[in-house]
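Participant: To be precise about what I am sending: the file is called entry_37.cif and holds mmCIF, C-alpha atoms.
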```
data_start
#
loop_
_atom_site.group_PDB
_atom_site.id
_atom_site.type_symbol
_atom_site.label_atom_id
_atom_site.label_comp_id
_atom_site.auth_asym_id
_atom_site.auth_seq_id
_atom_site.Cartn_x
_atom_site.Cartn_y
_atom_site.Cartn_z
ATOM 1 C CA MET A 1 0.000 0.000 0.000
ATOM 2 C CA ASP A 2 2.791 2.380 0.993
ATOM 3 C CA ALA A 3 4.702 1.652 -2.208
ATOM 4 C CA LYS A 4 2.174 3.403 -4.406
ATOM 5 C CA LEU A 5 2.661 6.680 -2.554
ATOM 6 C CA ASN A 6 4.690 9.303 -4.349
ATOM 7 C CA ARG A 7 6.674 10.880 -1.557
ATOM 8 C CA PRO A 8 6.946 14.651 -1.888
ATOM 9 C CA THR A 9 10.305 16.370 -2.113
ATOM 10 C CA PRO A 10 10.998 18.154 1.194
ATOM 11 C CA SER A 11 10.814 21.929 1.070
ATOM 12 C CA ASP A 12 12.444 24.332 3.518
ATOM 13 C CA ARG A 13 9.158 26.244 3.694
ATOM 14 C CA GLU A 14 6.678 25.861 6.530
ATOM 15 C CA VAL A 15 3.006 25.109 5.959
ATOM 16 C CA ASP A 16 0.932 28.251 6.418
ATOM 17 C CA TRP A 17 -1.656 27.092 8.955
ATOM 18 C CA ASN A 18 -3.780 28.384 11.799
ATOM 19 C CA LYS A 19 -1.740 27.340 14.821
ATOM 20 C CA ASN A 20 -4.734 27.555 17.118
ATOM 21 C CA LYS A 21 -6.121 24.472 15.373
ATOM 22 C CA VAL A 22 -5.926 20.990 16.880
ATOM 23 C CA LEU A 23 -5.092 18.187 14.453
ATOM 24 C CA LEU A 24 -6.697 14.854 15.323
ATOM 25 C CA SER A 25 -6.265 11.358 13.951
ATOM 26 C CA LYS A 26 -7.131 7.817 14.933
ATOM 27 C CA THR A 27 -5.115 4.788 13.853
ATOM 28 C CA ASP A 28 -5.224 1.046 14.374
ATOM 29 C CA LYS A 29 -2.495 -0.621 16.425
ATOM 30 C CA LYS A 30 -0.233 -0.862 13.376
ATOM 31 C CA GLY A 31 -0.468 2.891 12.714
ATOM 32 C CA THR A 32 -2.886 2.768 9.766
ATOM 33 C CA ILE A 33 -5.033 5.901 9.611
ATOM 34 C CA LEU A 34 -8.708 5.249 10.346
ATOM 35 C CA TYR A 35 -9.832 8.850 10.827
ATOM 36 C CA ALA A 36 -8.455 12.370 10.443
ATOM 37 C CA ASN A 37 -10.296 15.563 11.319
ATOM 38 C CA GLU A 38 -10.682 18.453 8.868
ATOM 39 C CA ASP A 39 -7.809 20.417 10.402
ATOM 40 C CA PHE A 40 -5.442 17.455 10.031
ATOM 41 C CA ILE A 41 -6.545 17.046 6.421
ATOM 42 C CA ASP A 42 -6.135 20.764 5.671
ATOM 43 C CA VAL A 43 -2.647 21.055 7.154
ATOM 44 C CA SER A 44 -1.380 17.792 5.647
ATOM 45 C CA GLY A 45 -2.530 18.840 2.180
ATOM 46 C CA TYR A 46 -3.888 15.372 1.424
ATOM 47 C CA ASP A 47 -7.498 14.599 0.603
ATOM 48 C CA GLU A 48 -9.320 12.450 3.134
ATOM 49 C CA PHE A 49 -9.377 9.450 0.769
ATOM 50 C CA GLU A 50 -5.588 9.734 0.388
ATOM 51 C CA LEU A 51 -5.080 9.492 4.151
ATOM 52 C CA VAL A 52 -7.567 6.867 5.333
ATOM 53 C CA GLY A 53 -6.139 3.376 5.014
ATOM 54 C CA GLN A 54 -2.562 4.649 4.693
ATOM 55 C CA PRO A 55 0.232 4.258 7.271
ATOM 56 C CA HIS A 56 0.602 7.318 9.451
ATOM 57 C CA ASN A 57 4.167 7.751 8.235
ATOM 58 C CA ILE A 58 2.654 9.231 5.059
ATOM 59 C CA VAL A 59 3.341 12.564 6.819
ATOM 60 C CA ARG A 60 6.726 11.631 8.288
ATOM 61 C CA HIS A 61 9.474 14.126 7.521
ATOM 62 C CA PRO A 62 12.967 12.780 6.667
ATOM 63 C CA ASP A 63 14.465 15.255 9.158
ATOM 64 C CA MET A 64 12.984 13.193 12.013
ATOM 65 C CA PRO A 65 15.481 10.928 13.783
ATOM 66 C CA LYS A 66 14.309 7.314 13.996
ATOM 67 C CA VAL A 67 15.199 7.130 17.690
ATOM 68 C CA ILE A 68 12.305 9.458 18.538
ATOM 69 C CA PHE A 69 9.862 7.001 16.969
ATOM 70 C CA LYS A 70 11.569 4.097 18.742
ATOM 71 C CA PHE A 71 11.028 5.916 22.013
ATOM 72 C CA LEU A 72 7.414 6.563 21.039
ATOM 73 C CA TRP A 73 6.673 2.924 20.192
ATOM 74 C CA ASP A 74 8.565 1.599 23.230
ATOM 75 C CA SER A 75 6.357 3.746 25.444
ATOM 76 C CA ILE A 76 3.192 2.713 23.621
ATOM 77 C CA LYS A 77 4.098 -0.983 23.879
ATOM 78 C CA SER A 78 4.421 -0.423 27.628
ATOM 79 C CA SER A 79 0.814 0.874 27.566
ATOM 80 C CA GLU A 80 1.894 4.414 28.397
ATOM 81 C CA ASN A 81 0.302 7.489 26.876
ATOM 82 C CA ILE A 82 3.028 9.712 25.488
ATOM 83 C CA HIS A 83 3.615 13.048 23.797
ATOM 84 C CA VAL A 84 6.463 13.968 21.481
ATOM 85 C CA ILE A 85 7.521 16.879 19.288
ATOM 86 C CA ILE A 86 7.419 15.826 15.650
ATOM 87 C CA LYS A 87 8.266 17.469 12.337
ATOM 88 C CA ASN A 88 5.715 16.373 9.741
ATOM 89 C CA MET A 89 5.691 16.850 5.973
ATOM 90 C CA ALA A 90 2.640 17.911 3.982
ATOM 91 C CA LYS A 91 1.796 16.666 0.498
ATOM 92 C CA THR A 92 3.420 19.800 -0.904
ATOM 93 C CA GLY A 93 6.740 18.936 0.782
ATOM 94 C CA ARG A 94 6.375 21.788 3.256
ATOM 95 C CA TYR A 95 6.926 21.037 6.934
ATOM 96 C CA TYR A 96 4.947 21.661 10.113
ATOM 97 C CA TRP A 97 5.997 21.084 13.716
ATOM 98 C CA VAL A 98 3.554 19.719 16.279
ATOM 99 C CA VAL A 99 3.565 18.323 19.776
ATOM 100 C CA THR A 100 1.523 15.142 19.533
ATOM 101 C CA ASP A 101 -0.203 13.500 22.471
ATOM 102 C CA PHE A 102 -0.806 9.798 21.813
ATOM 103 C CA LYS A 103 -3.608 8.157 23.779
ATOM 104 C CA ILE A 104 -3.948 4.390 23.738
ATOM 105 C CA VAL A 105 -7.306 2.930 22.691
ATOM 106 C CA ALA A 106 -7.913 -0.448 24.363
ATOM 107 C CA ASP A 107 -10.720 -3.000 24.150
ATOM 108 C CA THR A 108 -12.658 -4.405 27.120
ATOM 109 C CA ASP A 109 -9.879 -6.934 27.749
ATOM 110 C CA GLY A 110 -7.277 -4.173 27.937
ATOM 111 C CA GLU A 111 -5.698 -5.094 24.604
ATOM 112 C CA ILE A 112 -4.374 -2.177 22.541
ATOM 113 C CA VAL A 113 -6.523 -1.786 19.421
ATOM 114 C CA GLY A 114 -5.404 1.658 18.270
ATOM 115 C CA PHE A 115 -4.258 5.145 19.093
ATOM 116 C CA PHE A 116 -5.745 8.622 19.151
ATOM 117 C CA GLY A 117 -3.374 11.459 18.301
ATOM 118 C CA THR A 118 -3.948 15.089 19.301
ATOM 119 C CA ARG A 119 -1.558 17.611 17.739
ATOM 120 C CA LYS A 120 -0.945 21.233 18.649
ATOM 121 C CA SER A 121 1.572 23.765 17.395
ATOM 122 C CA VAL A 122 4.899 24.331 19.149
ATOM 123 C CA PRO A 123 6.337 27.840 19.728
ATOM 124 C CA ASN A 124 8.834 28.535 16.958
ATOM 125 C CA ASP A 125 11.612 29.714 19.279
ATOM 126 C CA ILE A 126 11.547 26.357 21.098
ATOM 127 C CA ILE A 127 11.935 24.538 17.779
ATOM 128 C CA VAL A 128 14.767 26.777 16.574
ATOM 129 C CA LYS A 129 16.705 26.984 19.849
ATOM 130 C CA PHE A 130 16.329 23.475 21.224
ATOM 131 C CA ILE A 131 14.498 20.846 19.165
ATOM 132 C CA GLU A 132 16.013 21.359 15.700
ATOM 133 C CA PRO A 133 19.621 21.305 16.975
ATOM 134 C CA LEU A 134 18.946 18.176 19.067
ATOM 135 C CA TYR A 135 17.147 16.313 16.267
ATOM 136 C CA LYS A 136 19.810 17.269 13.713
ATOM 137 C CA LYS A 137 22.498 15.882 16.000
ATOM 138 C CA LEU A 138 20.531 12.657 16.589
ATOM 139 C CA LEU A 139 20.004 12.261 12.839
ATOM 140 C CA GLN A 140 23.714 12.802 12.127
ATOM 141 C CA ILE A 141 24.645 10.187 14.732
ATOM 142 C CA GLU A 142 22.123 7.735 13.246
ATOM 143 C CA GLU A 143 23.492 8.223 9.747
ATOM 144 C CA THR A 144 27.088 7.784 10.921
ATOM 145 C CA SER A 145 26.899 5.217 13.722
ATOM 146 C CA GLY A 146 23.358 3.804 13.770
ATOM 147 C CA MET A 147 20.250 4.198 15.915
ATOM 148 C CA HIS A 148 21.734 2.569 19.024
ATOM 149 C CA ALA A 149 24.413 5.280 19.179
ATOM 150 C CA SER A 150 21.735 7.922 18.682
ATOM 151 C CA GLU A 151 19.714 6.440 21.543
ATOM 152 C CA GLU A 152 22.756 6.397 23.832
ATOM 153 C CA TYR A 153 23.389 10.058 23.049
ATOM 154 C CA LEU A 154 19.777 10.963 23.834
ATOM 155 C CA VAL A 155 19.956 9.068 27.131
ATOM 156 C CA GLY A 156 23.040 11.065 28.117
ATOM 157 C CA PHE A 157 21.483 14.326 26.962
ATOM 158 C CA LEU A 158 18.409 13.719 29.135
ATOM 159 C CA GLU A 159 20.455 12.500 32.099
ATOM 160 C CA GLU A 160 22.409 15.757 32.087
ATOM 161 C CA ARG A 161 19.104 17.583 32.408
ATOM 162 C CA LYS A 162 17.728 15.158 35.015
ATOM 163 C CA LYS A 163 14.559 14.705 32.972
ATOM 164 C CA THR A 164 12.688 12.130 30.954
ATOM 165 C CA TYR A 165 11.986 13.046 27.335
ATOM 166 C CA MET A 166 8.424 14.104 28.193
ATOM 167 C CA GLU A 167 9.561 16.123 31.194
ATOM 168 C CA TYR A 168 12.108 17.870 28.987
ATOM 169 C CA ILE A 169 9.480 18.701 26.353
ATOM 170 C CA ASP A 170 7.008 19.899 28.983
ATOM 171 C CA HIS A 171 9.684 22.051 30.593
ATOM 172 C CA LEU A 172 10.671 23.637 27.277
ATOM 173 C CA ILE A 173 7.064 24.474 26.408
ATOM 174 C CA ALA A 174 6.283 25.798 29.895
ATOM 175 C CA THR A 175 9.428 27.895 30.416
ATOM 176 C CA GLY A 176 11.129 28.339 27.031
ATOM 177 C CA LYS A 177 14.404 27.339 28.720
ATOM 178 C CA ASP A 178 16.654 24.301 28.603
ATOM 179 C CA ASP A 179 17.972 24.569 32.186
ATOM 180 C CA LYS A 180 20.800 22.092 31.683
ATOM 181 C CA ASN A 181 22.031 20.665 34.961
ATOM 182 C CA LYS A 182 25.294 19.063 35.937
ATOM 183 C CA VAL A 183 25.450 15.314 35.359
ATOM 184 C CA SER A 184 24.173 13.360 38.323
ATOM 185 C CA LYS A 185 25.072 9.690 38.602
ATOM 186 C CA GLY A 186 22.468 6.959 38.649
ATOM 187 C CA LEU A 187 19.792 8.651 36.569
ATOM 188 C CA PHE A 188 19.847 6.397 33.522
ATOM 189 C CA ASN A 189 16.902 4.350 34.770
ATOM 190 C CA GLY A 190 13.578 5.859 33.850
ATOM 191 C CA LEU A 191 14.791 8.314 31.256
ATOM 192 C CA PHE A 192 12.757 6.821 28.443
ATOM 193 C CA GLU A 193 9.942 5.460 30.559
ATOM 194 C CA LYS A 194 8.478 6.320 33.919
ATOM 195 C CA LYS A 195 9.670 3.846 36.484
ATOM 196 C CA LYS A 196 7.215 1.026 36.875
ATOM 197 C CA ASP A 197 9.352 -0.922 39.309
ATOM 198 C CA LEU A 198 9.028 0.769 42.683
ATOM 199 C CA LYS A 199 10.631 -2.073 44.624
ATOM 200 C CA LYS A 200 13.852 -0.157 45.115
#
```
Could you spell out this file's structure in structure tokens?

Facilitator:
Amino acid sequence: MDAKLNRPTPSDREVDWNKNKVLLSKTDKKGTILYANEDFIDVSGYDEFELVGQPHNIVRHPDMPKVIFKFLWDSIKSSENIHVIIKNMAKTGRYYWVVTDFKIVADTDGEIVGFFGTRKSVPNDIIVKFIEPLYKKLLQIEETSGMHASEEYLVGFLEERKKTYMEYIDHLIATGKDDKNKVSKGLFNGLFEKKKDLKK
């Protein structure tokens, strides 16, 4: 199904969109789009029939490091709702940045059957100052040394700030500051996921 898609050529121009809008989509557990609201459709530039039934990576931008999606799926597989900052690509090749909150949709037996994504705009200064430089570095590491090296770098980056990825994102959006702290030993556990093991 994905093979028949003609991927657009990335443009360095941003989509002109109303950043007060909330972009919604629903997917099955494999990430196939089941529903997209009008705002999602408008910003993506695709018609509704072009989106429904397609993998959600139809809007994935090549500037996105794979490690961010690994983190996303690792959290989802652990049945944790998660939000991440993502650079998407419209049908025109233009980009748009969003912070996406992924909610798990489960059946009566608690089995994951799909996901509901809510997307909002991210202040441009946060993207320019913090997210773009970090993602570019992660992408460069991936291209040179692979995703494992990229993941190790991200772990160290977050440890230095004494935050999980979500805490870091929330802090950036709330304060507009990085607030890098000195490295503190023993913080590697729980950087990508909230600690579930409270035995210690």

Participant: I need the output of the PyMOL selection byres ((chain A and resi 28) around 10) for this file as a PDB file with C-alpha atoms, keeping the file's coordinate frame; which residues are they?

Facilitator:
```
ATOM      1  CA  LYS A  26      -7.131   7.817  14.933  1.00  0.00           C
ATOM      2  CA  THR A  27      -5.115   4.788  13.853  1.00  0.00           C
ATOM      3  CA  LYS A  29      -2.495  -0.621  16.425  1.00  0.00           C
ATOM      4  CA  LYS A  30      -0.233  -0.862  13.376  1.00  0.00           C
ATOM      5  CA  GLY A  31      -0.468   2.891  12.714  1.00  0.00           C
ATOM      6  CA  THR A  32      -2.886   2.768   9.766  1.00  0.00           C
ATOM      7  CA  ILE A  33      -5.033   5.901   9.611  1.00  0.00           C
ATOM      8  CA  LEU A  34      -8.708   5.249  10.346  1.00  0.00           C
ATOM      9  CA  TYR A  35      -9.832   8.850  10.827  1.00  0.00           C
ATOM     10  CA  GLY A  53      -6.139   3.376   5.014  1.00  0.00           C
ATOM     11  CA  PRO A  55       0.232   4.258   7.271  1.00  0.00           C
ATOM     12  CA  HIS A  56       0.602   7.318   9.451  1.00  0.00           C
ATOM     13  CA  VAL A 105      -7.306   2.930  22.691  1.00  0.00           C
ATOM     14  CA  ILE A 112      -4.374  -2.177  22.541  1.00  0.00           C
ATOM     15  CA  VAL A 113      -6.523  -1.786  19.421  1.00  0.00           C
ATOM     16  CA  GLY A 114      -5.404   1.658  18.270  1.00  0.00           C
ATOM     17  CA  PHE A 115      -4.258   5.145  19.093  1.00  0.00           C
ATOM     18  CA  PHE A 116      -5.745   8.622  19.151  1.00  0.00           C
TER      19      PHE A 116
END
```

Participant: Report the residues retrieved by the PyMOL selection byres ((chain A and resi 61) around 7) from the displayed file, expressed as a list in words.

Facilitator: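 Evaluating the PyMOL selection byres ((chain A and resi 61) around 7) on this file yields Val59, Arg60, Pro62, Asp63, Met64, Lys87, Asn88 and Met89 of chain A.
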
Participant: How about saving the chosen residues, C-alpha atoms kept, as a CSV table (one decimal), in the frame of the given file?

Facilitator:
```csv
chain,number,residue,atom,x,y,z
A,59,VAL,CA,3.3,12.6,6.8
A,60,ARG,CA,6.7,11.6,8.3
A,62,PRO,CA,13.0,12.8,6.7
A,63,ASP,CA,14.5,15.3,9.2
A,64,MET,CA,13.0,13.2,12.0
A,87,LYS,CA,8.3,17.5,12.3
A,88,ASN,CA,5.7,16.4,9.7
A,89,MET,CA,5.7,16.8,6.0
```

Participant: Write out as lines of an AutoDock Vina configuration file an axis-aligned box for region 89-92 of chain A: all of its atoms listed in the file, 5 Å added on each side, centre and edge lengths in Å with one decimal.

Facilitator:
```
center_x = 3.7
center_y = 18.2
center_z = 2.5
size_x = 13.9
size_y = 13.1
size_z = 16.9
```

Participant: Kindly indicate which residue among A:Gln140, A:Thr164, A:Ser44, A:Ser145 lies nearest to Pro8 (chain A), using all atoms listed in the file for the distances.

Facilitator: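 That would be A:Ser44, the residue with the smallest distance to Pro8 (chain A).
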
Participant: Could you name the residues that touch Asn18 (chain A) at 10 Å or less, counting all atoms listed in the file, but leaving out those on the same chain fewer than 4 positions away, as an MDAnalysis selection string?

Facilitator: chainID A and resid 22 39 43 121

Participant: Which residue out of A:Val128, A:Ile41, A:Ile76, A:Ile68 has the minimum interatomic distance to Trp17 (chain A) when only C-alpha atoms are used?

Facilitator: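 The closest residue to Trp17 (chain A) is A:Ile41.
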
Participant: Measure the distance from CA of Tyr96 (chain A) to CA of Met147 (chain A) in Å and round it to one decimal.

Facilitator: 23.9 Å

Participant: May I ask which of the residues A:Asp109, A:Pro133, A:Val67, A:Asn37 is the closest one to Tyr153 (chain A), counting only C-alpha atoms?

Facilitator: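 Answer, going by the shortest atom-to-atom distance: A:Val67.
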
Participant: Rounded to one decimal, what separation in Å do you get between CA of Asp12 (chain A) and CA of Trp97 (chain A)?

Facilitator: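 Those two atoms sit 12.5 Å apart.
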
Participant: A:Trp73, A:Phe130, A:Phe40, A:Phe102: which is nearest Ile169 (chain A), counting all atoms listed in the file?

Facilitator: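 Going through A:Trp73, A:Phe130, A:Phe40, A:Phe102 one by one, the smallest distance to Ile169 (chain A) is for A:Phe130.
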
Participant: Mind giving me the straight-line distance from CA of Val15 (chain A) to CA of Tyr46 (chain A) in Å, one decimal?

Facilitator: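 The value is 12.8 Å.
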
Participant: Have a look at A:Pro65, A:Asp42, A:Gly117, A:Glu50 and name the one nearest to Leu154 (chain A); count only C-alpha atoms.

Facilitator: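 When distances to Leu154 (chain A) are compared using only C-alpha atoms, the smallest one comes from A:Pro65.
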
Participant: Which neighbours of Arg119 (chain A) fall inside 6 Å, counting all atoms listed in the file, when residues of the same chain fewer than 2 positions from it are skipped, and could you give them as number ranges by chain?

Facilitator: A: 22-23, 98-100

Participant: Would you mind telling me which residue in A:Gly176, A:Asp170, A:Lys163, A:Asp47 lies nearest to Asp125 (chain A) when using only C-alpha atoms?

Facilitator: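 Closest to Asp125 (chain A) of all the choices is A:Gly176.
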